[in-house]
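As stored in structure-v4.cif (mmCIF, C-alpha atoms and all ligand atoms):
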data_data
loop_
_atom_site.label_atom_id
_atom_site.label_comp_id
_atom_site.auth_asym_id
_atom_site.auth_seq_id
_atom_site.Cartn_x
_atom_site.Cartn_y
_atom_site.Cartn_z
CA MET A 1 0.00 0.00 0.00
CA LEU A 2 2.74 2.48 0.99
CA ASP A 3 4.76 1.48 -2.08
CA LYS A 4 1.80 2.17 -4.37
CA PHE A 5 1.16 5.52 -2.64
CA ILE A 6 4.80 6.57 -3.15
CA GLN A 7 4.78 5.37 -6.75
CA TYR A 8 1.56 7.00 -7.94
CA ALA A 9 0.43 9.66 -5.46
CA LEU A 10 3.34 11.06 -3.43
CA HIS A 11 4.60 13.55 -6.01
CA PRO A 12 1.22 15.24 -6.74
CA VAL A 13 0.21 15.11 -3.05
CA ILE A 14 3.41 16.94 -2.07
CA LEU A 15 2.95 19.61 -4.77
CA ILE A 16 -0.67 20.25 -3.79
CA SER A 17 0.28 20.35 -0.08
CA VAL A 18 3.13 22.86 -0.37
CA LEU A 19 1.16 25.18 -2.66
CA SER A 20 -1.92 25.00 -0.41
CA ALA A 21 0.24 25.77 2.65
CA TRP A 22 1.70 28.83 0.87
CA LEU A 23 -1.73 30.11 -0.22
CA LEU A 24 -3.58 29.41 3.03
CA ILE A 25 -1.08 30.01 5.84
CA ASP A 26 -0.07 33.59 6.53
CA SER A 27 3.21 33.20 8.40
CA PRO A 28 6.75 34.60 8.02
CA PHE A 29 8.02 31.04 8.60
CA ILE A 30 6.10 29.47 5.71
CA PHE A 31 9.22 28.97 3.55
CA PHE A 32 11.36 27.32 6.24
CA GLY A 33 8.40 25.40 7.65
CA THR A 34 7.53 24.00 4.23
CA VAL A 35 11.10 23.04 3.34
CA ILE A 36 11.74 21.41 6.73
CA GLY A 37 8.42 19.51 6.60
CA LEU A 38 9.13 18.38 3.04
CA HIS A 39 12.55 17.00 3.95
CA VAL A 40 11.25 15.25 7.06
CA VAL A 41 8.73 13.42 4.84
CA LEU A 42 11.17 12.64 1.99
CA GLY A 43 14.03 11.74 4.36
CA THR A 44 11.84 9.39 6.41
CA LEU A 45 10.46 7.63 3.31
CA GLU A 46 13.99 7.29 1.89
CA TYR A 47 14.86 5.21 4.98
CA VAL A 48 11.61 3.24 5.08
CA ARG A 49 11.12 2.59 1.33
CA PRO A 50 14.29 3.54 -0.60
CA ALA A 51 14.24 3.01 -4.37
CA ARG A 52 17.91 1.91 -4.22
CA GLN A 53 18.93 0.27 -0.94
CA ALA A 54 22.62 0.91 -1.69
CA TRP A 55 21.97 4.67 -1.69
CA VAL A 56 20.67 4.79 1.91
CA SER A 57 23.03 7.12 3.79
CA PRO A 58 24.30 6.32 7.28
CA ALA A 59 22.85 8.84 9.78
CA LEU A 60 26.23 10.59 10.23
CA ASN A 61 26.61 11.17 6.47
CA LYS A 62 23.07 12.50 6.30
CA LEU A 63 23.78 14.87 9.21
CA SER A 64 26.96 16.22 7.60
CA ALA A 65 25.06 16.71 4.30
CA LEU A 66 22.36 18.60 6.22
CA VAL A 67 24.97 20.89 7.84
CA LEU A 68 26.50 21.58 4.40
CA VAL A 69 23.09 22.36 2.87
CA VAL A 70 22.30 24.83 5.69
CA MET A 71 25.71 26.54 5.30
CA LEU A 72 25.26 26.79 1.53
CA PHE A 73 21.73 28.13 1.99
CA VAL A 74 23.05 30.94 4.23
CA ALA A 75 25.75 31.66 1.62
CA SER A 76 23.17 31.75 -1.20
CA THR A 77 21.12 34.29 0.80
CA MET A 78 24.25 36.46 0.98
CA VAL A 79 24.68 36.13 -2.81
CA GLY A 80 21.06 37.29 -3.22
CA VAL A 81 21.80 40.37 -1.06
CA LEU A 82 24.94 41.05 -3.13
CA TYR A 83 22.91 40.89 -6.35
CA ASP A 84 20.33 43.25 -4.83
CA ASN A 85 23.04 45.77 -3.95
CA GLN A 86 24.95 45.55 -7.23
CA LEU A 87 22.36 44.76 -9.89
CA LEU A 88 19.08 46.28 -8.69
CA GLY A 89 19.93 49.83 -9.86
CA PRO A 90 21.25 48.99 -13.36
CA LEU A 91 18.57 46.38 -14.05
CA SER A 92 15.77 48.68 -12.89
CA GLN A 93 17.07 51.25 -15.38
CA VAL A 94 17.10 48.62 -18.15
CA SER A 95 13.57 47.58 -17.16
CA GLY A 96 12.41 51.22 -17.32
CA LEU A 97 14.10 51.85 -20.69
CA LEU A 98 12.57 48.72 -22.22
CA GLY A 99 9.18 49.33 -20.66
CA LEU A 100 9.11 45.98 -18.87
CA ASN A 101 6.45 47.07 -16.38
CA PHE A 102 3.77 44.78 -17.75
CA TRP A 103 3.79 42.12 -15.02
CA PRO A 104 0.12 41.20 -14.32
CA HIS A 105 0.11 41.96 -10.57
CA SER A 106 -3.70 41.67 -10.43
CA TRP A 107 -3.75 38.06 -11.71
CA PRO A 108 -4.30 35.23 -9.18
CA LEU A 109 -1.17 34.62 -7.10
CA LEU A 110 -1.01 30.96 -8.12
CA VAL A 111 -0.94 31.88 -11.82
CA GLN A 112 1.77 34.49 -11.19
CA ALA A 113 3.79 31.93 -9.19
CA PHE A 114 3.67 29.46 -12.10
CA MET A 115 4.71 32.22 -14.53
CA ILE A 116 7.75 33.03 -12.36
CA PHE A 117 8.45 29.29 -11.99
CA LEU A 118 8.50 28.84 -15.78
CA ALA A 119 10.55 32.00 -16.43
CA SER A 120 13.08 31.05 -13.76
CA GLU A 121 13.41 27.54 -15.15
CA PHE A 122 13.81 28.94 -18.68
CA ILE A 123 16.84 31.00 -17.57
CA TRP A 124 18.21 28.09 -15.51
CA TYR A 125 17.77 25.69 -18.44
CA TRP A 126 20.19 27.74 -20.59
CA ILE A 127 22.65 28.38 -17.73
CA HIS A 128 22.66 24.65 -16.94
CA ARG A 129 23.04 23.69 -20.60
CA ALA A 130 25.98 26.12 -20.91
CA GLU A 131 27.60 24.50 -17.85
CA HIS A 132 27.53 21.14 -19.61
CA LYS A 133 28.50 22.54 -23.03
CA TRP A 134 31.54 24.70 -22.33
CA THR A 135 34.51 23.77 -20.17
CA PHE A 136 35.05 27.29 -18.83
CA VAL A 137 31.43 27.57 -17.62
CA TRP A 138 31.61 24.02 -16.16
CA ARG A 139 34.78 24.96 -14.26
CA LEU A 140 33.72 28.50 -13.29
CA SER A 141 30.47 27.22 -11.77
CA GLY A 142 31.99 24.14 -10.15
CA HIS A 143 28.99 22.24 -11.55
CA GLY A 144 31.01 19.02 -11.55
CA ALA A 145 30.89 19.03 -7.74
CA HIS A 146 27.07 18.73 -7.85
CA HIS A 147 27.38 15.79 -10.25
CA SER A 148 30.16 14.02 -8.35
CA PHE A 149 27.90 12.16 -5.88
CA LYS A 150 27.55 8.44 -6.60
CA GLN A 151 24.45 8.17 -4.41
CA LEU A 152 21.63 10.71 -4.37
CA ASN A 153 18.95 11.66 -1.88
CA ALA A 154 16.62 14.63 -1.43
CA LEU A 155 19.32 16.71 0.29
CA ASN A 156 21.45 16.66 -2.88
CA PHE A 157 19.20 19.45 -4.18
CA GLY A 158 21.32 21.84 -2.10
CA LEU A 159 24.79 20.29 -2.45
CA ASN A 160 26.54 22.52 -4.97
CA HIS A 161 29.97 24.09 -5.19
CA PRO A 162 29.91 27.52 -3.43
CA LEU A 163 30.81 29.16 -6.77
CA GLU A 164 27.63 27.75 -8.32
CA LEU A 165 25.51 29.77 -5.89
CA PHE A 166 26.23 32.82 -8.09
CA PHE A 167 24.68 30.94 -11.03
CA LEU A 168 21.77 29.43 -9.09
CA ALA A 169 20.69 32.78 -7.61
CA LEU A 170 20.77 34.55 -10.98
CA PRO A 171 17.31 33.59 -12.43
CA ALA A 172 15.35 34.81 -9.39
CA ALA A 173 17.42 38.00 -9.16
CA LEU A 174 16.98 38.81 -12.85
CA ILE A 175 13.23 38.15 -12.88
CA GLY A 176 12.62 40.07 -9.64
CA MET A 177 14.66 43.09 -10.72
CA LEU A 178 13.35 43.27 -14.28
CA PHE A 179 9.68 42.67 -13.59
CA GLY A 180 9.21 43.49 -9.88
CA VAL A 181 7.08 40.40 -9.35
CA GLY A 182 6.29 40.76 -5.62
CA GLU A 183 4.79 38.16 -3.27
CA ALA A 184 4.15 35.49 -5.93
CA ALA A 185 7.94 35.00 -6.00
CA LEU A 186 7.72 33.22 -2.63
CA GLY A 187 5.29 30.64 -4.03
CA ALA A 188 7.54 30.12 -7.06
CA THR A 189 10.58 29.66 -4.82
CA ILE A 190 8.76 27.11 -2.65
CA LEU A 191 7.71 25.22 -5.80
CA LEU A 192 11.26 25.31 -7.22
CA VAL A 193 12.85 24.02 -3.98
CA THR A 194 10.17 21.34 -3.61
CA GLN A 195 10.69 20.14 -7.17
CA ALA A 196 14.51 20.18 -6.84
CA SER A 197 14.25 18.11 -3.63
CA ILE A 198 11.90 15.56 -5.21
CA ALA A 199 14.11 15.41 -8.34
CA HIS A 200 17.08 14.15 -6.28
CA SER A 201 15.14 11.84 -3.96
CA ASN A 202 15.82 8.11 -3.64
CA LEU A 203 12.18 7.05 -3.92
CA ASN A 204 10.38 4.96 -6.49
CA MET A 205 8.06 7.65 -7.85
CA SER A 206 6.94 6.96 -11.38
CA SER A 207 3.71 8.84 -11.89
CA LYS A 208 3.53 8.69 -15.66
CA TRP A 209 1.50 11.81 -16.39
CA ILE A 210 3.32 14.21 -14.08
CA ASP A 211 6.50 14.24 -16.18
CA LEU A 212 4.59 15.99 -18.97
CA PHE A 213 5.28 19.15 -16.98
CA PHE A 214 7.24 18.55 -13.77
CA THR A 215 10.70 16.98 -13.47
CA THR A 216 10.50 13.56 -11.84
CA ASN A 217 13.36 12.01 -9.89
CA ARG A 218 13.76 9.27 -12.52
CA HIS A 219 14.44 11.84 -15.22
CA HIS A 220 16.70 14.01 -13.09
CA ILE A 221 18.68 11.02 -11.83
CA GLY A 222 19.16 10.32 -15.55
CA HIS A 223 20.81 13.73 -15.83
CA HIS A 224 23.18 12.66 -13.02
CA SER A 225 24.29 9.62 -15.06
CA MET A 226 28.03 9.07 -15.52
CA VAL A 227 27.31 8.33 -19.20
CA LEU A 228 28.02 11.56 -21.11
CA GLU A 229 25.17 11.25 -23.62
CA GLN A 230 22.62 10.74 -20.84
CA SER A 231 24.11 13.47 -18.65
CA ASN A 232 23.67 15.97 -21.51
CA THR A 233 19.86 15.66 -21.32
CA ASN A 234 17.02 16.61 -18.95
CA TYR A 235 18.55 19.92 -17.83
CA GLY A 236 15.38 21.14 -16.15
CA CYS A 237 15.56 20.49 -12.44
CA ALA A 238 11.96 21.53 -11.76
CA THR A 239 10.15 21.32 -15.10
CA LEU A 240 10.83 19.27 -18.25
CA ILE A 241 8.89 21.65 -20.48
CA TRP A 242 12.00 23.41 -21.81
CA ASP A 243 13.80 20.08 -22.42
CA ARG A 244 10.80 18.81 -24.36
CA LEU A 245 10.66 22.07 -26.35
CA PHE A 246 14.38 22.33 -27.12
CA GLY A 247 14.98 18.63 -27.83
CA THR A 248 17.01 17.57 -24.78
CA PHE A 249 14.38 15.40 -23.06
CA ILE A 250 15.00 11.65 -22.87
CA ASP A 251 13.11 8.91 -21.09
CA GLY A 252 15.39 6.20 -19.77
CA ASP A 253 16.75 4.55 -16.66
CA THR A 254 20.16 5.23 -15.17
CA GLN A 255 22.63 2.53 -14.20
CA GLU A 256 25.21 4.63 -12.35
CA CYS A 257 25.52 8.26 -11.24
CA GLY A 258 28.55 10.50 -10.70
CA THR A 259 31.31 12.22 -12.65
CA GLY A 260 33.17 8.91 -12.99
CA PRO A 261 33.67 5.47 -11.47
CA THR A 262 34.81 6.87 -8.09
CA GLU A 263 33.39 9.69 -5.96
CA PRO A 264 35.87 12.51 -5.24
CA THR A 265 36.56 13.47 -1.61
CA LEU A 266 35.08 16.73 -0.24
CA LEU A 267 38.42 18.49 -0.86
CA GLN A 268 38.59 17.16 -4.42
CA LYS A 269 35.04 18.41 -5.00
CA LEU A 270 36.02 21.87 -3.74
CA VAL A 271 39.03 22.14 -6.09
CA MET A 272 37.11 20.87 -9.14
CA PRO A 273 37.04 24.37 -10.73
CA ILE A 274 40.85 24.14 -11.09
CA ARG A 275 41.46 20.37 -11.13
CA GLU A 276 39.07 17.86 -12.74
CA PRO A 277 39.13 14.29 -11.33
CA ARG A 278 41.22 12.03 -13.60
CA ASP A 279 38.41 9.51 -14.12
CA THR A 280 35.73 12.03 -15.13
CA THR A 281 33.44 10.83 -17.91
CA ILE A 282 30.97 13.72 -18.19
CA ALA A 283 33.02 16.96 -18.12
CA PRO A 284 32.75 18.91 -21.39
CA SER A 285 35.83 18.73 -23.59
ZN ZN A 301 24.00 19.21 -14.53
#

Show how you would write the structure in this file as structure tokens.
Amino acid sequence: MLDKFIQYALHPVILISVLSAWLLIDSPFIFFGTVIGLHVVLGTLEYVRPARQAWVSPALNKLSALVLVVMLFVASTMVGVLYDNQLLGPLSQVSGLLGLNFWPHSWPLLVQAFMIFLASEFIWYWIHRAEHKWTFVWRLSGHGAHHSFKQLNALNFGLNHPLELFFLALPAALIGMLFGVGEAALGATILLVTQASIAHSNLNMSSKWIDLFFTTNRHHIGHHSMVLEQSNTNYGCATLIWDRLFGTFIDGDTQECGTGPTEPTLLQKLVMPIREPRDTTIAPS
């Protein structure tokens, strides 16, 4: 019964729950409350019903991953403040010159949130594709570090090289500064984080219809494949719409994840912008 629920219902139930919580609960803690609740559910199920038993992390590994995710989250908030200070003025001028003040603020918040979600994923799709296409972008962003894990779980959504935070924070900053989108941005951010967490989770979710729009973990784990051709597909971490539109969507199972046969140490992951692991199979050349 639980297996069937995870397989067919968990993904849509989570999406409906987090969006309902955002729309119905008026609290300054809604973002943190939602993300913490989401990871308690996903983390518990990953222990009780993992899709791949070999990917179940020992508690100490999970705790150290959690500490890293929290540290990186604080750092990404600082990057957002930096963007606000440095880019808000120039981009507001660009927005004024181009007359980009057409955002439909009076439309329902849920519709606006989905518009921001799609726009953000459109920008991220091309940034992500560039990371996999060109060596200098791959190195500059440290994107290899995110791909270097041999085993994935929901927390991997937030395990990126610190340099990549400057890339990850860019879509939201650009959209917010150019269009001034307001409170719907919170709903979009909750949806993006929820989707990214599900996309990395070690659970057997295979709702067939949901991948017409949202990224499923099966398709995103495919992107984490150590086979180059498979890794260069399914760039959308939250939606597969742009992959389907631009011809990079594939539907297939993954045998093995990572940048190569062995997982680099934490130090090796940190120096990946200047030194690629010798056994890498997916770095652009
Ligand atoms: Zn990637």

Which residues are near A:Met115? Cut-off 10 Å, all atoms listed in the file, ignore same chain within fewer than 4 positions. Put them as a PDB file with C-alpha atoms, in the frame of the given file.
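Result went into result.pdb, see below:
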ATOM      1  CA  TRP A 103       3.790  42.120 -15.020  1.00  0.00           C
ATOM      2  CA  LEU A 109      -1.170  34.620  -7.100  1.00  0.00           C
ATOM      3  CA  LEU A 110      -1.010  30.960  -8.120  1.00  0.00           C
ATOM      4  CA  VAL A 111      -0.940  31.880 -11.820  1.00  0.00           C
ATOM      5  CA  ALA A 119      10.550  32.000 -16.430  1.00  0.00           C
ATOM      6  CA  SER A 120      13.080  31.050 -13.760  1.00  0.00           C
ATOM      7  CA  GLU A 121      13.410  27.540 -15.150  1.00  0.00           C
ATOM      8  CA  VAL A 181       7.080  40.400  -9.350  1.00  0.00           C
ATOM      9  CA  ALA A 184       4.150  35.490  -5.930  1.00  0.00           C
ATOM     10  CA  ALA A 185       7.940  35.000  -6.000  1.00  0.00           C
ATOM     11  CA  ALA A 188       7.540  30.120  -7.060  1.00  0.00           C
TER      12      ALA A 188
END

All residues having an atom within 8 Å of ligand ZN 301 (chain A) (only C-alpha atoms and all ligand atoms) as a compact mmCIF listing (two decimals) with C-alpha atoms, in the coordinates of the input:
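Saved to out01.txt:
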# COMPACT_ATOMS: atom_id res chain seq x y z
CA HIS A 128 22.66 24.65 -16.94
CA ARG A 129 23.04 23.69 -20.60
CA GLU A 131 27.60 24.50 -17.85
CA HIS A 132 27.53 21.14 -19.61
CA HIS A 143 28.99 22.24 -11.55
CA GLY A 144 31.01 19.02 -11.55
CA HIS A 146 27.07 18.73 -7.85
CA HIS A 147 27.38 15.79 -10.25
CA HIS A 223 20.81 13.73 -15.83
CA HIS A 224 23.18 12.66 -13.02
CA SER A 231 24.11 13.47 -18.65
CA ASN A 232 23.67 15.97 -21.51
CA TYR A 235 18.55 19.92 -17.83

- Query: Using all atoms listed in the file, which residues sit within 7 Å of stretch 8-23 of chain A once same-chain residues fewer than 6 positions away are excluded, as a PyMOL selection string?
  - Reply: chain A and resi 30+34+187+205-207

- Item | Selected residue of minimal separation from A:Gln195 among A:Pro264, A:Gly247, A:Gly236, A:Pro162, counting all atoms listed in the file |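 The closest residue to A:Gln195 is A:Gly236.
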
- Item | All residues 7 Å or closer to stretch 169-173 of chain A, all atoms listed in the file, same chain fewer than 4 positions away omitted, as a PyMOL selection string | chain A and resi 76+80+83+120+123-124+165+177

- Task: Between atom CA of A:Gly222 and atom CA of A:Tyr47, measure the distance and give it in Å to one decimal.
- Result: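 Spanning atom CA of A:Gly222 to atom CA of A:Tyr47 is a straight-line distance of 21.6 Å.
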
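Among the candidates A:Leu60, A:Ala154, A:Ile274, A:Ala113, the residue lying nearest to A:Leu203 is A:Ala154 (atoms considered: all atoms listed in the file).
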
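These residues, each with an atom at most 7 Å from (8.4, 18.0, -22.2) using all atoms listed in the file, are Leu212, Phe213, Leu240, Ile241, Trp242, Asp243, Arg244, Leu245 and Phe249 of chain A.
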
Shell around stretch 37-39 of chain A at 10 Å using only C-alpha atoms, local window under 3 positions removed, as a PDB file with C-alpha atoms, in the frame of the given file:
ATOM      1  CA  ILE A  14       3.410  16.940  -2.070  1.00  0.00           C
ATOM      2  CA  SER A  17       0.280  20.350  -0.080  1.00  0.00           C
ATOM      3  CA  VAL A  18       3.130  22.860  -0.370  1.00  0.00           C
ATOM      4  CA  PHE A  31       9.220  28.970   3.550  1.00  0.00           C
ATOM      5  CA  PHE A  32      11.360  27.320   6.240  1.00  0.00           C
ATOM      6  CA  GLY A  33       8.400  25.400   7.650  1.00  0.00           C
ATOM      7  CA  THR A  34       7.530  24.000   4.230  1.00  0.00           C
ATOM      8  CA  LEU A  42      11.170  12.640   1.990  1.00  0.00           C
ATOM      9  CA  GLY A  43      14.030  11.740   4.360  1.00  0.00           C
ATOM     10  CA  THR A  44      11.840   9.390   6.410  1.00  0.00           C
ATOM     11  CA  LEU A  45      10.460   7.630   3.310  1.00  0.00           C
ATOM     12  CA  ALA A 154      16.620  14.630  -1.430  1.00  0.00           C
ATOM     13  CA  LEU A 155      19.320  16.710   0.290  1.00  0.00           C
ATOM     14  CA  VAL A 193      12.850  24.020  -3.980  1.00  0.00           C
ATOM     15  CA  THR A 194      10.170  21.340  -3.610  1.00  0.00           C
ATOM     16  CA  SER A 197      14.250  18.110  -3.630  1.00  0.00           C
ATOM     17  CA  ILE A 198      11.900  15.560  -5.210  1.00  0.00           C
ATOM     18  CA  SER A 201      15.140  11.840  -3.960  1.00  0.00           C
TER      19      SER A 201
END

- Item | Atom pair atom CA of A:Ser225 / atom CA of A:Leu63: separation (Å) | 24.8 Å

- Task: Extract, using only C-alpha atoms, all DNA, RNA and protein residues at most 8 Å from A:Gly142, discarding same-chain residues fewer than 6 positions from it, and format them as a VMD selection string.
- Result: chain A and resid 160 to 164 270 272 to 273

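For the atom pair formed by atom CA of A:Ser57 and atom CA of A:Tyr125, the distance is 29.4 Å, given to one decimal.
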
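Closest approach to A:Ala130 among A:Gln255, A:Leu2, A:Phe167, A:Leu24: A:Phe167, based on only C-alpha atoms.
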
- Query: Which is closest to A:Leu228 among A:Lys269, A:Ile210, A:Leu178, A:Pro284, if we use only C-alpha atoms?
  - Reply: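 For A:Leu228, the nearest of the candidates is A:Pro284.
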
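Of the residues listed (A:Val74, A:Lys4, A:Cys237, A:Thr280), A:Cys237 shows the shortest atom-to-atom separation from A:Asn156; distances use only C-alpha atoms.
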
Residues within 10 Å of (5.7, 39.2, 1.2), file coords, all atoms listed in the file, listed as a PDB file with C-alpha atoms, keeping the file's coordinate frame:
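Written file, part_8.pdb:
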ATOM      1  CA  ASP A  26      -0.070  33.590   6.530  1.00  0.00           C
ATOM      2  CA  SER A  27       3.210  33.200   8.400  1.00  0.00           C
ATOM      3  CA  PRO A  28       6.750  34.600   8.020  1.00  0.00           C
ATOM      4  CA  GLY A 182       6.290  40.760  -5.620  1.00  0.00           C
ATOM      5  CA  GLU A 183       4.790  38.160  -3.270  1.00  0.00           C
ATOM      6  CA  ALA A 184       4.150  35.490  -5.930  1.00  0.00           C
ATOM      7  CA  ALA A 185       7.940  35.000  -6.000  1.00  0.00           C
ATOM      8  CA  LEU A 186       7.720  33.220  -2.630  1.00  0.00           C
TER       9      LEU A 186
END

- Residue with smallest distance to A:Pro50 - pool A:Ile6, A:Thr135, A:Val271, A:Ser148, counting only C-alpha atoms: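 Using only C-alpha atoms, A:Pro50 sits closest to A:Ile6.
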